[in-house]
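Trainee: This is the structure I want to talk about, given as structure tokens.
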Amino acid sequence: GMLVFDVELYDIKRGPTPPPVPPDVAEPPADAVLTPSGLAFKVLSPSKPGFESQVPKPDSRVTFEYSGWKTDGELLVSTKLSGKPPTVMVKDLIIKGLAEGIQLMSLGESRRFWLPAKLAYGENPAKGLPAGMLVFDVKLTGIA
């Protein structure tokens with residue numbers, strides 16, 4: 001039979017604030033470091049003192065906070081909104097540019113990465129995935 005619900009709204013809570021769009025989201029700035037693969041990056045904040053030598057390997061399990069944008073400033077994904085930083089094996093990361101970039105980082109460090117299409121989803125990705133260059137801010141919070 002038919003169900004009837006009586007619903008009363010008690011409160012509306014604001015969700016988390018999305019991260020601001022980086023001012024240099026359109027392209028890597030002149031002072032960005034460029035790797036041989038074409039990945040560009042800038043260090044946003046250094047690692048914790050004493051942890052500079054703790055860098056992940058391909059089979060390390062890492063935990064990291066991140067936000068990703070298209071070069072037009074459209075936010076694609078952010079752990080600031082989901083509240084769930086992933087813990088994954090570096091070699092299992094689908095986005096090759098993130099797998100490369102995270103291995104350049106040390107524990108506690110934050111970097112901004114500009115991933116050319118070939119290190120992201122490509123120029124003609126599967127339906128629903130963004131094409132072209134992507135920009136990610138990443139903070140490495142754990143290495144196991």
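Residues in the structure tokens are numbered from 1 in each chain, the chains being A, B, ... in the order shown, and ligands are numbered from 1 in the order shown.
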Going by DSSP on the backbone, which bits of range 87-143 of chain A are strand (DSSP E)? Write them as a list in words, please.

Mentor: Thr87, Val88, Met89, Ser110, Arg111, Arg112, Phe113, Trp114, Leu115, Leu134, Val135, Phe136, Asp137, Val138, Lys139, Leu140, Thr141, Gly142 and Ile143 of chain A

Trainee: May I have the selected residues written with C-alpha atoms, as an mmCIF file, in the first residue's frame?

Mentor:
data_model
loop_
_atom_site.group_PDB
_atom_site.id
_atom_site.type_symbol
_atom_site.label_atom_id
_atom_site.label_comp_id
_atom_site.auth_asym_id
_atom_site.auth_seq_id
_atom_site.Cartn_x
_atom_site.Cartn_y
_atom_site.Cartn_z
ATOM 1 C CA THR A 87 45.076 6.120 1.684
ATOM 2 C CA VAL A 88 46.317 4.345 -1.436
ATOM 3 C CA MET A 89 49.388 2.654 -2.829
ATOM 4 C CA SER A 110 52.235 20.727 0.229
ATOM 5 C CA ARG A 111 52.726 21.231 -3.501
ATOM 6 C CA ARG A 112 50.760 22.511 -6.471
ATOM 7 C CA PHE A 113 51.042 20.329 -9.574
ATOM 8 C CA TRP A 114 50.213 21.170 -13.173
ATOM 9 C CA LEU A 115 49.563 17.860 -14.943
ATOM 10 C CA LEU A 134 44.659 19.550 -14.582
ATOM 11 C CA VAL A 135 45.937 21.393 -11.510
ATOM 12 C CA PHE A 136 46.162 19.730 -8.094
ATOM 13 C CA ASP A 137 47.114 21.039 -4.671
ATOM 14 C CA VAL A 138 48.352 18.092 -2.602
ATOM 15 C CA LYS A 139 49.392 17.784 1.057
ATOM 16 C CA LEU A 140 51.141 14.519 1.938
ATOM 17 C CA THR A 141 49.906 13.596 5.421
ATOM 18 C CA GLY A 142 50.978 9.963 5.771
ATOM 19 C CA ILE A 143 53.450 7.391 4.400
#

Trainee: Select, from A:Leu81, A:Ala126, A:Ala40, A:Ala144, the residue with the minimum atom-to-atom distance to Leu98 in chain A, counting only C-alpha atoms.

Mentor: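 For Leu98 in chain A, the nearest of the given residues is A:Ala40.
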
Trainee: For the alpha helix (DSSP H) assignment from backbone DSSP, which residues of chain A qualify? Please present them as JSON, numbers by chain.

Mentor: {"A": [79, 80, 81, 82, 96, 97, 98, 99, 100, 101, 102]}

Trainee: When you count only C-alpha atoms, which of these residues is closest to Ala26 in chain A: A:Lys13, A:Lys118, A:Lys57, A:Lys70?

Mentor: A:Lys70

Trainee: Taking only C-alpha atoms into account, which of A:Thr71, A:Ser37, A:Ser45, A:Thr63 comes nearest Met133 in chain A?

Mentor: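 Closest to Met133 in chain A of all the choices is A:Thr71.
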
Trainee: In Å to one decimal, how far is CA of Val43 in chain A from CA of Leu129 in chain A?

Mentor: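 Computed distance, CA of Leu129 in chain A to CA of Val43 in chain A, equals 26.7 Å.
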
Trainee: Within 12 Å of Gly128 in chain A, counting only C-alpha atoms, which residues show up once you throw out same-chain ones fewer than 4 positions away? Write them as a list in words, please.

Mentor: Leu76, Tyr121 and Asn124 of chain A

Trainee: Just checking: using only C-alpha atoms, which residue out of A:Pro86, A:Gly38, A:Val33, A:Ala99 ends up closest to Ala117 in chain A?

Mentor: A:Gly38

Trainee: Might you pull out every residue within 9 Å of Leu104 in chain A, with only C-alpha atoms counted and same-chain residues fewer than 2 positions away left off, and present them as a compact mmCIF listing (two decimals) with N, CA, C and O atoms, in the first residue's frame?

Mentor:
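Saved as result_20.txt:
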# COMPACT_ATOMS: atom_id res chain seq x y z
N VAL A 55 60.23 10.10 1.97
CA VAL A 55 59.55 10.24 0.68
C VAL A 55 58.98 8.89 0.27
O VAL A 55 59.59 7.85 0.51
N PRO A 56 57.79 8.88 -0.33
CA PRO A 56 57.16 7.62 -0.71
C PRO A 56 57.79 6.98 -1.95
O PRO A 56 58.35 7.67 -2.81
N GLU A 100 53.53 10.38 -9.93
CA GLU A 100 54.88 10.91 -10.07
C GLU A 100 55.14 12.01 -9.04
O GLU A 100 56.16 12.01 -8.35
N GLY A 101 54.21 12.94 -8.92
CA GLY A 101 54.40 14.09 -8.05
C GLY A 101 54.50 13.72 -6.58
O GLY A 101 55.34 14.25 -5.85
N ILE A 102 53.67 12.79 -6.14
CA ILE A 102 53.67 12.40 -4.72
C ILE A 102 55.02 11.79 -4.34
O ILE A 102 55.49 11.97 -3.22
N SER A 106 57.89 15.07 0.47
CA SER A 106 58.21 14.47 1.75
C SER A 106 57.05 14.71 2.71
O SER A 106 56.17 15.54 2.46
